[in-house]
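First the structure, in the form of structure tokens, and then the observations on it.
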Amino acid sequence: MTDFNGRPVLVTGASGGIGGATVRHLVQAGADVIASGRSKEEALEALAADTGARILPFDVTAEESVRDALDGLDIWGVVNCAGYGGEIATPMETDIAAFDKVININARGALLVIKYTSRSMIRLGNGGSIVNVSSQASLVALNGHISYGSSKAAVDNITRVSALELGKHNIRVNSVAPGVINSSYYDKMFKEVEDPVAFRKGLEARSPLNKMGEPNDIAQMILFLASDDSKFATGAMFTVDGGYTAR
């Protein structure tokens, strides 16, 4: 079993489904997990109480908040899981304010976290691993996903350039691209459609495995990339989408 030997690992978006699952897997693997969300909300506090993870709330959209929380913080690993789905709209109908918000959280937020954590990782001189959570929406065109897909495509480029710049410090940077995952995002969507059962079956049918993924499916890939088990992998995207993008 992978053993992080008490290495400190920051997880943003820790109160979400994938973020929470990632925190649990990292704690079980011996990491000193720092769980972050925008505020000390109930879900984040419950996760910390259940796992023993530390809480560090900050706002990924505000550089001052990110800097105050992370500048000088001893860190070995980072999981950028904070994200926002935004609107479902075409390029012709998109609300640019909504587009800006999605980019601000998903892409700019990930870059700000890397900016300040990488400084500490370089200072400590122990190498490290950064894992960014992307999406299959960055690889293929999905109806209505102009904002979200664009933000995740930006995350993938941030991943590649960061890997190039940080490699000399033995800091690896990779991204994970989930497919359709059982989460609160889709729970909400199911409630809004006329026929939730048919809608779900339609989503499942897009995967060669004919099912949706679970948060643990993504967390296990994140765990692998964050650990020394993937010590020669950097600058890459790893899809965990049930084969959707293989079509």
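Quick note on naming: the chains in the structure tokens go A, B, ... in the order shown, residues restart at 1 in each chain, and ligands are numbered from 1 in order of appearance.
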
As a ChimeraX atom specification, which residues of stretch 142-203 of chain A does DSSP assign to strand (DSSP E)?
/A:171-178

Exercise for the section: Extract, using only C-alpha atoms, all DNA, RNA and protein residues at most 12 Å from A:Glu165, discarding same-chain residues fewer than 6 positions from it, and format them as an NGL selection string. Expected result: :A and (114-115 or 118 or 122 or 158-159 or 171-173 or 234-235)

Export of prior selection with N, CA and C atoms as a PDB file, in the first residue's frame:
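And here's selection_16.pdb as it stands now:
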```pdb
ATOM      1  N   ILE A 114      -1.118  26.799  -7.311  1.00  0.00           N
ATOM      2  CA  ILE A 114       0.196  26.332  -7.744  1.00  0.00           C
ATOM      3  C   ILE A 114       1.253  27.411  -7.504  1.00  0.00           C
ATOM      4  N   LYS A 115       0.906  28.656  -7.792  1.00  0.00           N
ATOM      5  CA  LYS A 115       1.850  29.763  -7.625  1.00  0.00           C
ATOM      6  C   LYS A 115       2.433  29.793  -6.219  1.00  0.00           C
ATOM      7  N   SER A 118       3.946  26.000  -4.844  1.00  0.00           N
ATOM      8  CA  SER A 118       5.201  25.596  -5.479  1.00  0.00           C
ATOM      9  C   SER A 118       6.388  26.351  -4.892  1.00  0.00           C
ATOM     10  N   ILE A 122       9.571  24.310  -3.536  1.00  0.00           N
ATOM     11  CA  ILE A 122      10.932  24.588  -3.998  1.00  0.00           C
ATOM     12  C   ILE A 122      11.832  24.919  -2.809  1.00  0.00           C
ATOM     13  N   ILE A 158      -2.166  24.655 -18.028  1.00  0.00           N
ATOM     14  CA  ILE A 158      -1.482  25.028 -16.787  1.00  0.00           C
ATOM     15  C   ILE A 158      -0.693  23.831 -16.266  1.00  0.00           C
ATOM     16  N   THR A 159      -1.277  22.652 -16.373  1.00  0.00           N
ATOM     17  CA  THR A 159      -0.602  21.426 -15.942  1.00  0.00           C
ATOM     18  C   THR A 159       0.684  21.204 -16.730  1.00  0.00           C
ATOM     19  N   ILE A 171       9.454  18.331  -8.951  1.00  0.00           N
ATOM     20  CA  ILE A 171       8.024  18.481  -8.651  1.00  0.00           C
ATOM     21  C   ILE A 171       7.253  18.073  -9.896  1.00  0.00           C
ATOM     22  N   ARG A 172       6.415  17.066  -9.744  1.00  0.00           N
ATOM     23  CA  ARG A 172       5.632  16.558 -10.873  1.00  0.00           C
ATOM     24  C   ARG A 172       4.254  17.209 -10.883  1.00  0.00           C
ATOM     25  N   VAL A 173       3.715  17.424 -12.080  1.00  0.00           N
ATOM     26  CA  VAL A 173       2.385  18.031 -12.220  1.00  0.00           C
ATOM     27  C   VAL A 173       1.605  17.251 -13.277  1.00  0.00           C
ATOM     28  N   THR A 234       4.772  12.964 -15.448  1.00  0.00           N
ATOM     29  CA  THR A 234       4.547  14.394 -15.254  1.00  0.00           C
ATOM     30  C   THR A 234       4.128  15.027 -16.578  1.00  0.00           C
ATOM     31  N   GLY A 235       3.365  16.110 -16.472  1.00  0.00           N
ATOM     32  CA  GLY A 235       2.902  16.830 -17.651  1.00  0.00           C
ATOM     33  C   GLY A 235       1.850  16.085 -18.447  1.00  0.00           C
TER      34      GLY A 235
END
```

Margin query: List the spatial neighbours of stretch 140-149 of chain A as number ranges by chain - criterion: any atom at most 10 Å away, only C-alpha atoms, same-chain residues fewer than 3 positions off excluded.
Written below: A: 83-96, 98-103, 106-107, 134-137, 152-155, 244-245

Correct to one decimal, the distance atom CA of A:Val131-atom CA of A:Glu45 is 23.2 Å

Using only C-alpha atoms, find the one residue out of A:Ala46, A:Leu70, A:Val11, A:Val176 that sits nearest to A:Gln220.
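Checking each of A:Ala46, A:Leu70, A:Val11, A:Val176 against A:Gln220, counting only C-alpha atoms, the winner is A:Val176.
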
Q. How far is it from atom CA of A:Ile222 to atom CA of A:Thr22, in Å with one decimal?
A.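 So the two atoms, atom CA of A:Ile222 and atom CA of A:Thr22, lie 7.1 Å apart.
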
>> Would you pick out the contacts of A:Gly16 at 10 Å or less, using only C-alpha atoms, so that residues sharing its chain but fewer than 4 positions from it are not included, and give the list as a PyMOL selection string?
In response: chain A and resi 12+20-22+37+43-44+81-83+183-185+215

Please save C-alpha atoms of the selected residues as a PDB file, in the first residue's frame.
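Generated file (out-v5.pdb):
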```pdb
ATOM      1  CA  THR A  12      -8.857  22.130  -2.373  1.00  0.00           C
ATOM      2  CA  GLY A  20     -13.899  14.347   0.048  1.00  0.00           C
ATOM      3  CA  ALA A  21     -13.090  10.907  -1.348  1.00  0.00           C
ATOM      4  CA  THR A  22      -9.553  12.094  -2.104  1.00  0.00           C
ATOM      5  CA  GLY A  37     -12.852  24.939   1.104  1.00  0.00           C
ATOM      6  CA  ALA A  43     -19.475  19.394   5.308  1.00  0.00           C
ATOM      7  CA  LEU A  44     -15.810  20.364   5.619  1.00  0.00           C
ATOM      8  CA  CYS A  81     -10.091  19.906  -6.831  1.00  0.00           C
ATOM      9  CA  ALA A  82     -11.969  23.177  -6.301  1.00  0.00           C
ATOM     10  CA  GLY A  83     -14.358  23.663  -9.192  1.00  0.00           C
ATOM     11  CA  SER A 183     -22.114  13.508  -7.513  1.00  0.00           C
ATOM     12  CA  SER A 184     -24.280  16.309  -6.148  1.00  0.00           C
ATOM     13  CA  TYR A 185     -23.883  18.069  -9.527  1.00  0.00           C
ATOM     14  CA  PRO A 215     -15.908   9.661  -6.626  1.00  0.00           C
TER      15      PRO A 215
END
```

Every residue of stretch 105-141 of chain A that DSSP places in helix (DSSP H, G or I), as a CSV table (one decimal) with N, CA and C atoms, in the first residue's frame:
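Result saved to out.csv:
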```csv
chain,number,residue,atom,x,y,z
A,105,ILE,N,-12.7,30.5,-11.1
A,105,ILE,CA,-12.6,29.4,-10.1
A,105,ILE,C,-11.7,28.2,-10.6
A,106,ASN,N,-12.0,27.7,-11.7
A,106,ASN,CA,-11.4,26.5,-12.2
A,106,ASN,C,-10.0,26.6,-12.7
A,107,ALA,N,-9.7,27.6,-13.5
A,107,ALA,CA,-8.4,27.8,-14.1
A,107,ALA,C,-7.5,28.8,-13.3
A,108,ARG,N,-8.0,30.0,-13.1
A,108,ARG,CA,-7.2,31.0,-12.3
A,108,ARG,C,-7.0,30.5,-10.9
A,109,GLY,N,-8.0,29.9,-10.3
A,109,GLY,CA,-7.9,29.4,-8.9
A,109,GLY,C,-6.8,28.3,-8.8
A,110,ALA,N,-6.8,27.4,-9.8
A,110,ALA,CA,-5.7,26.3,-9.8
A,110,ALA,C,-4.4,26.9,-9.9
A,111,LEU,N,-4.2,27.9,-10.8
A,111,LEU,CA,-2.9,28.6,-11.0
A,111,LEU,C,-2.5,29.3,-9.8
A,112,LEU,N,-3.4,30.0,-9.1
A,112,LEU,CA,-3.0,30.7,-7.9
A,112,LEU,C,-2.5,29.7,-6.8
A,113,VAL,N,-3.2,28.6,-6.7
A,113,VAL,CA,-2.7,27.6,-5.7
A,113,VAL,C,-1.3,27.1,-6.0
A,114,ILE,N,-1.1,26.8,-7.3
A,114,ILE,CA,0.2,26.3,-7.7
A,114,ILE,C,1.3,27.4,-7.5
A,115,LYS,N,0.9,28.7,-7.8
A,115,LYS,CA,1.9,29.8,-7.6
A,115,LYS,C,2.4,29.8,-6.2
A,116,TYR,N,1.6,29.7,-5.2
A,116,TYR,CA,2.0,29.8,-3.8
A,116,TYR,C,2.5,28.5,-3.2
A,117,THR,N,1.9,27.4,-3.5
A,117,THR,CA,2.4,26.2,-2.9
A,117,THR,C,3.8,25.8,-3.6
A,118,SER,N,3.9,26.0,-4.8
A,118,SER,CA,5.2,25.6,-5.5
A,118,SER,C,6.4,26.4,-4.9
A,119,ARG,N,6.2,27.6,-4.5
A,119,ARG,CA,7.3,28.3,-3.8
A,119,ARG,C,7.8,27.6,-2.6
A,120,SER,N,6.8,27.1,-1.8
A,120,SER,CA,7.2,26.4,-0.6
A,120,SER,C,7.8,25.1,-0.9
A,121,MET,N,7.3,24.4,-1.9
A,121,MET,CA,7.9,23.1,-2.3
A,121,MET,C,9.3,23.3,-2.8
A,122,ILE,N,9.6,24.3,-3.5
A,122,ILE,CA,10.9,24.6,-4.0
A,122,ILE,C,11.8,24.9,-2.8
A,123,ARG,N,11.3,25.7,-1.9
A,123,ARG,CA,12.1,26.1,-0.7
A,123,ARG,C,12.5,24.9,0.1
A,124,LEU,N,11.6,23.9,0.3
A,124,LEU,CA,11.8,22.8,1.1
A,124,LEU,C,12.8,21.8,0.4
A,136,GLN,N,-13.3,15.4,-18.8
A,136,GLN,CA,-13.4,15.0,-20.2
A,136,GLN,C,-13.9,16.1,-21.1
A,137,ALA,N,-14.5,17.1,-20.5
A,137,ALA,CA,-15.0,18.3,-21.3
A,137,ALA,C,-13.9,19.1,-21.9
A,138,SER,N,-12.6,18.9,-21.4
A,138,SER,CA,-11.5,19.6,-22.0
A,138,SER,C,-11.0,18.8,-23.3
```

Practice item. Work out how far atom CA of A:Ala236 is from atom CA of A:Asn174, in Å to one decimal. Key: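 For atom CA of A:Asn174 relative to atom CA of A:Ala236, the distance reads 5.1 Å.
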